[in-house]
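J.: Next comes the structure file query.tsv, holding TSV, C-alpha atoms.
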```tsv
chain	number	residue	atom	x	y	z
A	1	MET	CA	18.98	0.74	-1.54
A	2	LEU	CA	21.60	1.95	-3.97
A	3	ILE	CA	23.49	5.00	-2.78
A	4	MET	CA	23.96	7.96	-5.09
A	5	LYS	CA	26.94	10.24	-4.82
A	6	PRO	CA	27.17	13.15	-7.24
A	7	ASN	CA	30.50	14.12	-8.78
A	8	LYS	CA	31.61	17.42	-7.28
A	9	THR	CA	32.74	18.81	-10.61
A	10	ARG	CA	29.83	17.53	-12.70
A	11	MET	CA	26.69	17.71	-10.58
A	12	ASN	CA	24.39	16.69	-13.41
A	13	LYS	CA	25.64	13.09	-13.31
A	14	THR	CA	25.20	10.40	-10.73
A	15	CYS	CA	26.74	7.00	-10.29
A	16	PHE	CA	25.11	4.09	-8.46
A	17	VAL	CA	26.87	1.73	-6.12
A	18	HIS	CA	25.98	-0.81	-3.46
A	19	PRO	CA	25.58	0.20	0.22
A	20	GLY	CA	28.85	0.77	2.03
A	21	PHE	CA	30.74	1.82	-1.12
A	22	TYR	CA	31.24	5.07	-2.91
A	23	ALA	CA	32.37	5.74	-6.44
A	24	THR	CA	33.27	8.67	-8.61
A	25	LEU	CA	32.76	9.03	-12.33
A	26	ASP	CA	36.41	8.38	-13.03
A	27	GLY	CA	35.93	4.79	-11.85
A	28	LYS	CA	37.75	5.01	-8.51
A	29	SER	CA	36.02	3.42	-5.60
A	30	GLY	CA	36.53	2.74	-1.94
A	31	LYS	CA	34.82	1.46	1.17
A	32	SER	CA	33.20	3.52	3.87
A	33	GLY	CA	34.90	2.88	7.19
A	34	GLU	CA	31.67	3.38	9.10
A	35	GLN	CA	29.96	0.64	7.09
A	36	MET	CA	32.78	-1.92	7.31
A	37	GLY	CA	31.63	-5.08	9.02
A	38	LYS	CA	28.07	-3.85	9.31
A	39	ARG	CA	26.66	-4.41	5.84
A	40	VAL	CA	24.47	-7.43	5.21
A	41	THR	CA	26.55	-9.88	3.17
A	42	MET	CA	25.55	-11.93	0.15
A	43	GLN	CA	26.30	-15.08	2.14
A	44	GLN	CA	23.79	-14.03	4.81
A	45	ILE	CA	21.19	-13.44	2.13
A	46	ALA	CA	21.99	-16.81	0.54
A	47	ASP	CA	21.62	-18.60	3.89
A	48	ALA	CA	18.28	-16.90	4.59
A	49	ALA	CA	16.92	-17.57	1.10
A	50	GLY	CA	18.24	-21.13	0.90
A	51	VAL	CA	20.17	-20.53	-2.32
A	52	SER	CA	23.83	-20.25	-3.33
A	53	LYS	CA	25.92	-17.12	-2.98
A	54	PHE	CA	26.38	-17.24	-6.77
A	55	ALA	CA	22.60	-17.02	-7.26
A	56	VAL	CA	22.41	-14.04	-4.90
A	57	SER	CA	25.18	-12.25	-6.80
A	58	ARG	CA	23.45	-12.84	-10.15
A	59	ALA	CA	20.07	-11.72	-8.82
A	60	LEU	CA	21.26	-8.51	-7.14
A	61	THR	CA	23.36	-7.41	-10.11
A	62	GLY	CA	20.58	-8.11	-12.63
A	63	LYS	CA	22.58	-10.73	-14.51
A	64	PRO	CA	21.07	-13.84	-16.14
A	65	GLY	CA	21.43	-17.27	-14.63
A	66	VAL	CA	18.53	-17.33	-12.17
A	67	SER	CA	14.79	-17.64	-12.78
A	68	GLU	CA	12.50	-14.64	-12.29
A	69	TYR	CA	10.87	-16.41	-9.35
A	70	THR	CA	14.25	-16.95	-7.66
A	71	ARG	CA	15.39	-13.41	-8.44
A	72	GLU	CA	12.25	-11.93	-6.90
A	73	MET	CA	12.59	-14.15	-3.82
A	74	ILE	CA	16.25	-13.18	-3.35
A	75	VAL	CA	15.59	-9.45	-3.71
A	76	ARG	CA	12.68	-9.68	-1.27
A	77	THR	CA	14.87	-11.54	1.25
A	78	ALA	CA	17.66	-8.99	0.83
A	79	GLY	CA	15.22	-6.16	1.47
A	80	GLN	CA	13.86	-7.81	4.60
A	81	LEU	CA	17.40	-8.27	5.93
A	82	GLY	CA	18.15	-4.58	5.41
A	83	TYR	CA	20.56	-5.01	2.49
A	84	PHE	CA	19.22	-1.95	0.68
A	85	LYS	CA	19.23	0.39	3.66
A	86	THR	CA	21.49	3.41	3.47
A	87	ASP	CA	23.42	5.35	6.08
A	88	PRO	CA	21.09	7.94	7.72
A	89	LYS	CA	23.98	10.42	7.87
A	90	ARG	CA	23.88	10.63	4.08
A	91	TYR	CA	20.35	12.04	4.13
A	92	PRO	CA	20.10	15.78	3.51
A	93	VAL	CA	18.05	17.93	5.85
A	94	SER	CA	14.98	19.15	4.00
A	95	ASP	CA	11.37	20.04	4.60
A	96	PRO	CA	9.00	17.12	3.87
A	97	LEU	CA	6.11	19.59	3.61
A	98	SER	CA	7.85	21.74	1.02
A	99	VAL	CA	5.53	20.70	-1.81
A	100	SER	CA	2.24	21.16	-0.01
A	101	ALA	CA	3.14	24.02	2.36
A	102	LYS	CA	4.71	26.38	-0.18
A	103	PRO	CA	3.11	28.00	-3.22
A	104	ARG	CA	3.13	25.44	-6.00
A	105	LYS	CA	5.30	26.03	-9.02
A	106	LYS	CA	4.45	24.72	-12.45
A	107	CYS	CA	6.38	21.61	-13.40
A	108	GLU	CA	7.06	19.90	-16.68
A	109	GLY	CA	7.23	16.27	-17.71
A	110	THR	CA	5.11	13.14	-17.65
A	111	ILE	CA	3.96	11.16	-14.62
A	112	LEU	CA	3.02	7.51	-15.13
A	113	VAL	CA	-0.03	6.33	-13.17
A	114	LEU	CA	-0.04	2.55	-13.01
A	115	PHE	CA	-3.14	0.47	-12.21
A	116	PRO	CA	-3.02	-3.24	-11.37
A	117	ASN	CA	-4.30	-5.82	-13.82
A	118	ILE	CA	-7.22	-6.58	-11.51
A	119	ARG	CA	-10.81	-6.11	-12.59
A	120	SER	CA	-11.95	-4.50	-9.32
A	121	GLN	CA	-9.05	-2.02	-9.22
A	122	ASN	CA	-9.44	0.36	-12.13
A	123	ARG	CA	-10.61	3.88	-12.98
A	124	SER	CA	-14.29	2.85	-13.02
A	125	SER	CA	-14.09	1.58	-9.43
A	126	LEU	CA	-16.10	3.47	-6.81
A	127	TYR	CA	-12.97	3.54	-4.67
A	128	TRP	CA	-10.09	3.86	-7.12
A	129	GLY	CA	-11.84	6.17	-9.57
A	130	PRO	CA	-11.95	9.13	-7.15
A	131	VAL	CA	-8.33	8.43	-6.14
A	132	PHE	CA	-7.33	8.75	-9.80
A	133	ASP	CA	-9.42	11.92	-10.12
A	134	GLY	CA	-7.42	13.42	-7.25
A	135	ILE	CA	-4.15	12.47	-8.94
A	136	SER	CA	-5.26	13.85	-12.31
A	137	ALA	CA	-6.55	17.13	-10.88
A	138	ARG	CA	-3.33	17.80	-8.95
A	139	LEU	CA	-1.13	17.00	-11.96
A	140	ASN	CA	-3.24	19.31	-14.12
A	141	GLU	CA	-2.83	21.98	-11.49
A	142	MET	CA	0.93	21.52	-11.64
A	143	GLY	CA	0.95	21.60	-15.45
A	144	MET	CA	2.29	18.07	-15.80
A	145	ASP	CA	1.28	15.40	-18.31
A	146	ILE	CA	-0.26	12.13	-17.16
A	147	LEU	CA	0.13	8.69	-18.72
A	148	THR	CA	-2.22	5.98	-17.44
A	149	LEU	CA	-1.42	2.30	-17.91
A	150	THR	CA	-2.69	-1.03	-16.68
A	151	GLU	CA	0.05	-3.21	-15.21
A	152	PRO	CA	1.56	-5.26	-18.06
A	153	SER	CA	1.77	-9.04	-17.90
A	154	SER	CA	5.54	-8.74	-18.38
A	155	ASP	CA	7.83	-6.82	-16.04
A	156	HIS	CA	9.62	-5.27	-19.02
A	157	MET	CA	7.18	-2.42	-19.65
A	158	PHE	CA	10.02	0.05	-20.15
A	159	SER	CA	11.07	-1.84	-23.26
A	160	VAL	CA	8.24	0.03	-24.96
A	161	LEU	CA	8.31	3.13	-22.75
A	162	ASN	CA	11.30	5.44	-22.63
A	163	PRO	CA	12.15	5.62	-18.89
A	164	GLU	CA	13.98	8.91	-19.40
A	165	ALA	CA	10.69	10.48	-20.46
A	166	ILE	CA	8.96	9.44	-17.20
A	167	ARG	CA	9.69	11.80	-14.33
A	168	GLY	CA	7.89	9.73	-11.72
A	169	VAL	CA	5.47	6.86	-11.14
A	170	ILE	CA	2.37	6.64	-8.94
A	171	THR	CA	0.95	3.15	-8.47
A	172	VAL	CA	-2.68	2.80	-7.48
A	173	GLY	CA	-3.51	-0.43	-5.64
A	174	THR	CA	-1.72	-3.77	-5.64
A	175	ILE	CA	1.11	-3.87	-8.21
A	176	SER	CA	3.26	-6.99	-8.61
A	177	THR	CA	6.73	-7.11	-7.09
A	178	SER	CA	8.36	-7.75	-10.48
A	179	VAL	CA	6.98	-4.52	-11.97
A	180	LEU	CA	7.91	-2.53	-8.86
A	181	LEU	CA	11.44	-3.90	-9.07
A	182	GLU	CA	11.67	-2.76	-12.67
A	183	ILE	CA	10.74	0.80	-11.63
A	184	TYR	CA	13.13	0.61	-8.68
A	185	ARG	CA	15.98	-0.65	-10.85
A	186	LEU	CA	15.60	2.34	-13.18
A	187	ARG	CA	15.70	4.74	-10.21
A	188	ILE	CA	12.45	6.42	-11.19
A	189	PRO	CA	10.83	8.28	-8.26
A	190	LEU	CA	7.93	6.17	-7.00
A	191	VAL	CA	4.93	6.67	-4.71
A	192	MET	CA	2.53	3.81	-3.98
A	193	VAL	CA	-1.09	4.48	-3.03
A	194	ASP	CA	-2.67	1.91	-0.70
A	195	HIS	CA	0.09	-0.64	-1.21
A	196	GLU	CA	3.58	-1.47	0.01
A	197	ASP	CA	6.07	-4.22	-0.75
A	198	SER	CA	8.79	-5.53	1.54
A	199	ALA	CA	11.19	-5.80	-1.40
A	200	ILE	CA	10.82	-2.13	-2.36
A	201	HIS	CA	11.71	0.95	-0.36
A	202	ALA	CA	9.39	3.70	-1.59
A	203	ASP	CA	7.04	6.41	-0.35
A	204	THR	CA	3.48	5.29	0.35
A	205	VAL	CA	0.13	6.97	0.98
A	206	PHE	CA	-2.59	5.19	2.96
A	207	ALA	CA	-5.80	5.93	4.79
A	208	ASP	CA	-5.21	5.60	8.52
A	209	ASN	CA	-6.77	2.14	8.55
A	210	VAL	CA	-5.56	0.92	11.94
A	211	LYS	CA	-6.70	3.93	13.93
A	212	CYS	CA	-10.08	4.25	12.24
A	213	MET	CA	-10.95	0.56	12.56
A	214	LYS	CA	-9.90	0.54	16.19
A	215	GLU	CA	-12.16	3.54	16.82
A	216	MET	CA	-15.03	1.73	15.14
A	217	VAL	CA	-14.70	-1.25	17.48
A	218	LEU	CA	-14.49	1.04	20.52
A	219	MET	CA	-17.60	2.92	19.37
A	220	LEU	CA	-19.60	-0.30	18.86
A	221	ALA	CA	-18.45	-1.72	22.19
A	222	ALA	CA	-19.60	1.51	23.86
A	223	LYS	CA	-23.03	0.96	22.27
A	224	GLY	CA	-23.25	-2.45	23.95
A	225	TYR	CA	-22.04	-4.87	21.27
A	226	LYS	CA	-19.97	-7.70	22.74
A	227	ARG	CA	-19.92	-10.55	20.21
A	228	PHE	CA	-17.84	-9.67	17.15
A	229	GLN	CA	-16.56	-11.30	13.97
A	230	PHE	CA	-14.31	-9.83	11.27
A	231	ALA	CA	-14.84	-10.50	7.56
A	232	GLY	CA	-12.31	-9.60	4.87
A	233	GLN	CA	-9.89	-10.90	2.27
A	234	LEU	CA	-6.76	-10.60	4.38
A	235	PRO	CA	-4.32	-11.81	1.70
A	236	ASP	CA	-5.83	-9.37	-0.78
A	237	ALA	CA	-4.46	-5.98	0.31
A	238	VAL	CA	-2.27	-4.27	2.86
A	239	SER	CA	-5.18	-2.03	3.90
A	240	PHE	CA	-7.37	-5.04	4.73
A	241	ARG	CA	-4.64	-6.47	6.96
A	242	GLU	CA	-4.28	-3.10	8.70
A	243	ARG	CA	-8.02	-2.96	9.34
A	244	TRP	CA	-7.84	-6.45	10.81
A	245	LEU	CA	-5.05	-5.24	13.11
A	246	GLY	CA	-7.10	-2.21	14.20
A	247	TYR	CA	-10.05	-4.52	14.87
A	248	ARG	CA	-7.93	-6.75	17.11
A	249	MET	CA	-6.49	-3.75	18.92
A	250	GLY	CA	-9.99	-2.43	19.65
A	251	LEU	CA	-11.13	-5.77	21.06
A	252	GLU	CA	-8.04	-5.99	23.25
A	253	GLU	CA	-8.52	-2.48	24.60
A	254	MET	CA	-12.13	-3.30	25.55
A	255	ASN	CA	-11.15	-6.70	27.03
A	256	LEU	CA	-13.42	-8.46	24.53
A	257	LYS	CA	-12.57	-11.94	23.26
A	258	ALA	CA	-13.74	-13.04	19.84
A	259	GLU	CA	-13.27	-16.60	18.59
A	260	GLN	CA	-12.54	-15.62	14.99
A	261	HIS	CA	-14.06	-17.89	12.35
A	262	PRO	CA	-11.34	-18.58	9.72
A	263	GLY	CA	-13.96	-18.99	7.02
A	264	LEU	CA	-14.54	-15.22	7.10
A	265	LEU	CA	-10.88	-14.41	6.38
A	266	VAL	CA	-10.64	-16.08	2.97
A	267	GLN	CA	-10.03	-14.87	-0.56
A	268	GLU	CA	-13.31	-15.91	-2.18
A	269	TYR	CA	-16.60	-14.25	-1.26
A	270	ILE	CA	-18.51	-17.44	-2.00
A	271	GLU	CA	-16.61	-19.13	0.83
A	272	MET	CA	-17.59	-16.34	3.23
A	273	GLN	CA	-21.23	-16.78	2.27
A	274	GLN	CA	-20.96	-20.52	2.80
A	275	THR	CA	-19.43	-19.90	6.23
A	276	ILE	CA	-22.42	-17.77	7.23
A	277	LYS	CA	-24.78	-20.40	5.88
A	278	ASP	CA	-23.11	-23.18	7.89
A	279	MET	CA	-22.91	-21.27	11.19
A	280	LYS	CA	-25.00	-22.49	14.07
A	281	HIS	CA	-27.63	-19.93	14.97
A	282	GLU	CA	-26.11	-19.37	18.40
A	283	ASP	CA	-22.70	-18.68	16.81
A	284	ILE	CA	-23.92	-15.78	14.69
A	285	PRO	CA	-22.34	-12.66	16.22
A	286	GLU	CA	-24.04	-9.43	17.21
A	287	VAL	CA	-21.96	-7.51	14.68
A	288	VAL	CA	-19.73	-8.40	11.73
A	289	ILE	CA	-16.93	-5.89	11.10
A	290	CYS	CA	-16.05	-5.96	7.39
A	291	ALA	CA	-12.87	-4.86	5.63
A	292	ASN	CA	-14.84	-2.72	3.16
A	293	ASP	CA	-18.40	-1.88	2.11
A	294	HIS	CA	-18.49	-4.49	-0.66
A	295	THR	CA	-17.63	-7.25	1.81
A	296	ALA	CA	-20.36	-5.89	4.08
A	297	PHE	CA	-22.87	-6.23	1.23
A	298	ILE	CA	-21.80	-9.88	0.67
A	299	ILE	CA	-22.18	-10.68	4.37
A	300	MET	CA	-25.60	-8.99	4.62
A	301	GLU	CA	-26.83	-10.95	1.63
A	302	ALA	CA	-25.68	-14.21	3.22
A	303	LEU	CA	-27.39	-13.34	6.52
A	304	ARG	CA	-30.66	-12.51	4.78
A	305	ASN	CA	-30.54	-15.77	2.84
A	306	ARG	CA	-30.77	-17.64	6.11
A	307	ALA	CA	-33.45	-15.28	7.48
A	308	VAL	CA	-31.21	-13.40	9.93
A	309	GLU	CA	-32.54	-9.88	10.46
A	310	VAL	CA	-30.05	-7.12	9.63
A	311	PRO	CA	-29.27	-5.01	11.60
A	312	GLU	CA	-31.69	-6.11	14.35
A	313	ARG	CA	-30.23	-9.58	14.97
A	314	CYS	CA	-26.80	-9.04	13.43
A	315	ALA	CA	-25.42	-5.64	12.50
A	316	VAL	CA	-22.84	-5.25	9.74
A	317	THR	CA	-20.25	-2.50	9.27
A	318	GLY	CA	-18.14	-1.58	6.26
A	319	PHE	CA	-15.18	0.62	5.45
A	320	ASP	CA	-14.73	3.11	2.53
A	321	ASN	CA	-18.29	4.46	2.10
A	322	THR	CA	-18.89	3.12	-1.42
A	323	ARG	CA	-22.36	1.56	-0.85
A	324	THR	CA	-24.52	4.31	0.59
A	325	ASP	CA	-27.88	2.64	-0.14
A	326	ASP	CA	-27.28	-0.54	1.89
A	327	PRO	CA	-28.29	-0.82	5.58
A	328	ILE	CA	-24.69	-0.81	6.81
A	329	LEU	CA	-24.59	0.17	10.47
A	330	ALA	CA	-21.33	2.11	10.18
A	331	THR	CA	-18.53	2.73	7.72
A	332	ALA	CA	-15.45	4.91	7.28
A	333	TYR	CA	-15.38	7.96	5.04
A	334	ILE	CA	-12.04	8.06	3.19
A	335	PRO	CA	-11.31	11.31	1.30
A	336	LYS	CA	-10.29	9.46	-1.85
A	337	GLU	CA	-9.53	12.47	-4.03
A	338	HIS	CA	-7.31	13.87	-1.29
A	339	LEU	CA	-5.51	10.52	-1.13
A	340	GLY	CA	-4.60	10.91	-4.80
A	341	ALA	CA	-3.64	14.57	-4.51
A	342	ARG	CA	-1.29	13.90	-1.60
A	343	ALA	CA	0.37	11.12	-3.59
A	344	VAL	CA	1.24	13.71	-6.25
A	345	ASP	CA	2.54	16.12	-3.61
A	346	GLN	CA	4.73	13.40	-2.17
A	347	LEU	CA	6.06	12.40	-5.59
A	348	LEU	CA	7.02	15.98	-6.45
A	349	TRP	CA	8.81	16.31	-3.13
A	350	ARG	CA	10.60	12.99	-3.70
A	351	MET	CA	11.77	14.15	-7.13
A	352	ASN	CA	13.50	17.09	-5.42
A	353	ASN	CA	14.76	15.02	-2.46
A	354	PRO	CA	15.84	11.67	-3.90
A	355	GLU	CA	18.08	10.67	-0.97
A	356	ALA	CA	15.76	11.60	1.91
A	357	PRO	CA	14.28	8.81	4.09
A	358	HIS	CA	11.20	7.20	2.63
A	359	GLU	CA	7.89	8.27	4.12
A	360	ARG	CA	4.54	6.67	4.86
A	361	LYS	CA	1.70	9.20	4.73
A	362	LEU	CA	-1.52	8.45	6.62
A	363	ILE	CA	-4.75	10.23	5.67
A	364	HIS	CA	-7.47	10.48	8.31
A	365	ALA	CA	-10.63	8.44	7.76
A	366	ALA	CA	-13.79	9.54	9.58
A	367	LEU	CA	-16.27	7.16	11.21
A	368	MET	CA	-19.85	7.39	9.98
A	369	MET	CA	-23.08	5.92	11.31
A	370	ARG	CA	-25.75	4.96	8.78
A	371	ASP	CA	-27.88	8.06	9.34
A	372	GLU	CA	-24.85	10.27	8.70
A	373	TYR	CA	-24.35	9.20	5.07
A	374	HIS	CA	-26.31	11.98	3.50
A	375	SER	CA	-24.74	14.73	5.64
A	376	ILE	CA	-21.35	13.72	4.22
A	377	GLN	CA	-22.51	13.24	0.64
A	378	THR	CA	-24.27	16.62	0.35
```
Can you give me the file's structure in the form of structure tokens?

T.:
Amino acid sequence: MLIMKPNKTRMNKTCFVHPGFYATLDGKSGKSGEQMGKRVTMQQIADAAGVSKFAVSRALTGKPGVSEYTREMIVRTAGQLGYFKTDPKRYPVSDPLSVSAKPRKKCEGTILVLFPNIRSQNRSSLYWGPVFDGISARLNEMGMDILTLTEPSSDHMFSVLNPEAIRGVITVGTISTSVLLEIYRLRIPLVMVDHEDSAIHADTVFADNVKCMKEMVLMLAAKGYKRFQFAGQLPDAVSFRERWLGYRMGLEEMNLKAEQHPGLLVQEYIEMQQTIKDMKHEDIPEVVICANDHTAFIIMEALRNRAVEVPERCAVTGFDNTRTDDPILATAYIPKEHLGARAVDQLLWRMNNPEAPHERKLIHAALMMRDEYHSIQT
């Protein structure tokens, strides 16, 4: 992370330097004694990334001479090694609940809400639509303008947008590393909803996926289920991987062993359906835990196609409560509008506390059995 040190005589200006260094606006610079010998070096990054020190220098300073692929790989490696981390003693003491706990004041300016260029992740989505509604309602409440964009194919979106006119950015879903790096390079306050990137240090807001999925497994085990499988597109999203982790934690806590079928952890739904079709009858589990409700629908359809009774022979669970008419045994109710509203709260706090440690907000998700759908919806 780049460290910012304001000039004592001109507090409205900031200069940016690499970790371990300070600089004033008159161009003088020095090295922090506490950081000497402790900072990750460019040579260490070069060794880890398998490139030259020259390439690392060009990539980290934004100079030409390396491909975009190499630049992204170098920055990601540097982030994983801790190159961008700052000294905790530089962080000011402030109240992370200041935005939500105190009476809200009207703000001015424009907030950019950025959606990925993915068909299933847009404002019409049953999941992402309510998240956006929560963002929009909170920004309206604060008197701020909102600009909504789909992730551009190029990472140079600020060549057409004036970055000085954007007070902050909220990303919704999976945004590419190159675009996130562009936002990060311009030092625009950033909050990511349901996504994180190892190359970027930024605030994030998630549903508490691990805890809720673990509780689901514990609940089903208490009801007598012993033979489990997990189905979900693990490479697809951070949340899916977290739900997989919670699933494994629940099995471990209940001393249950599940021989996971790799064909249910793939990117394409058609491959999952083929996996169900090819399973031996005795290998079909008692319950399939799915990463979300849509995956649950795909699995149920595949089971029915081979005449497996659902939920009598094989129960199926989801996560996100977006398909209320399907016979899903259980799901998780995520307060999607609240997820969006809290992202705005976090962004406003970040704008006032730019040097504070980055935070990861977790929003509680409630378990629901099938017969509880309507009590939540009404």

J.: Write out as a list in words which residues come within 9 Å of A:Thr174 when counting all atoms listed in the file, dropping same-chain ones fewer than 2 positions away.

T.: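 In the requested format, the answer is Phe115, Pro116, Asn117, Ile118, Gln121, Thr171, Val172, Ser176, Met192, Val193, Asp194, His195, Glu196, Asp236, Ala237 and Val238 of chain A.
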
J.: Which is closer to A:Leu348 than all the others in A:Val51, A:Leu180, A:Val75, A:Val191, using all atoms listed in the file?

T.: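 The closest residue to A:Leu348 is A:Val191.
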
J.: In file coordinates, which residues lie within 8 Å of (21.9, -13.4, 1.8) using only C-alpha atoms, given as JSON, numbers by chain?

T.: {"A": [40, 41, 42, 43, 44, 45, 46, 47, 48, 49, 53, 56, 74, 77, 78, 81]}

J.: Have a look at atom CA of A:Leu149 and atom CA of A:Asn292 and let me know their distance in Å, one decimal.

T.: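 According to the coordinates, atom CA of A:Leu149 and atom CA of A:Asn292 are separated by 25.5 Å.
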
J.: For a test of reading the model, state the distance in Å between atom CA of A:Glu108 and atom CA of A:Ser124, rounded to one decimal.

T.: 27.6 Å

J.: Skipping near chain neighbours, those fewer than 4 positions away, what residues fall within 12 Å of A:Glu301 using only C-alpha atoms, listed as a list in words?

T.: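 Skipping anything fewer than 4 positions along the chain leaves Tyr269, Ile270, Met272, Gln273, Gln274, Ile276, Lys277, His294, Thr295, Ala296, Phe297, Asn305, Arg306, Ala307, Val308, Glu309, Val310, Pro311, Cys314, Val316, Asp326, Pro327 and Ile328 of chain A.
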
J.: Stretch 297-362 of chain A near stretch 208-212 of chain A within 12 Å: what's each residue's closest atom pair and its distance in Å to one decimal, counting all atoms listed in the file, ordered by chain then ascending residue number, as CSV?

T.:
```
residue,atom,partner,partner_atom,distance
A:Gly318,CA,A:Cys212,CA,11.6
A:Phe319,CA,A:Asn209,CA,9.1
A:Asp320,CA,A:Asn209,CA,10.0
A:Ala330,CA,A:Cys212,CA,11.6
A:Thr331,CA,A:Cys212,CA,9.7
A:Ala332,CA,A:Cys212,CA,7.3
A:Tyr333,CA,A:Cys212,CA,9.7
A:Ile334,CA,A:Asp208,CA,9.0
A:Pro335,CA,A:Asp208,CA,11.0
A:Leu339,CA,A:Asp208,CA,10.8
A:Arg360,CA,A:Asp208,CA,10.5
A:Lys361,CA,A:Asp208,CA,8.7
A:Leu362,CA,A:Asp208,CA,5.0
```

J.: What is the distance between atom CA of A:Ile175 and atom CA of A:Pro152, in Å to one decimal?

T.: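 Atom-to-atom, atom CA of A:Ile175 and atom CA of A:Pro152 are spaced 10.0 Å apart.
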
J.: Here is a test: counting only C-alpha atoms, which residue of A:Ser67, A:Ser136, A:Glu359, A:Tyr127 is nearest to A:Arg323?

T.: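 Ranking A:Ser67, A:Ser136, A:Glu359, A:Tyr127 by distance to A:Arg323, first place goes to A:Tyr127.
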
J.: Counting only C-alpha atoms, which of A:Asn140, A:Thr275, A:Thr177, A:Gln80 gets nearest to A:Thr110?

T.: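 Of A:Asn140, A:Thr275, A:Thr177, A:Gln80, the one nearest A:Thr110 is A:Asn140, counting only C-alpha atoms.
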
J.: Within 9 Å of A:Lys226, counting only C-alpha atoms, which residues show up once you throw out same-chain ones fewer than 6 positions away? Write them as a list in words, please.

T.: Leu220, Leu256, Lys257, Ala258, Pro285, Glu286 and Val287 of chain A

J.: Smallest atom-to-atom distance to A:Asn352: which of A:Gly65, A:Gly168, A:Phe132, A:Met279, using all atoms listed in the file?

T.: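 Using all atoms listed in the file, the shortest distance to A:Asn352 belongs to A:Gly168.
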
J.: Give me the residues within 8 Å of A:Ile188 as an NGL selection string, counting only C-alpha atoms and dropping any in the same chain fewer than 2 places off.

T.: :A and (163 or 166-169 or 183-186 or 190)
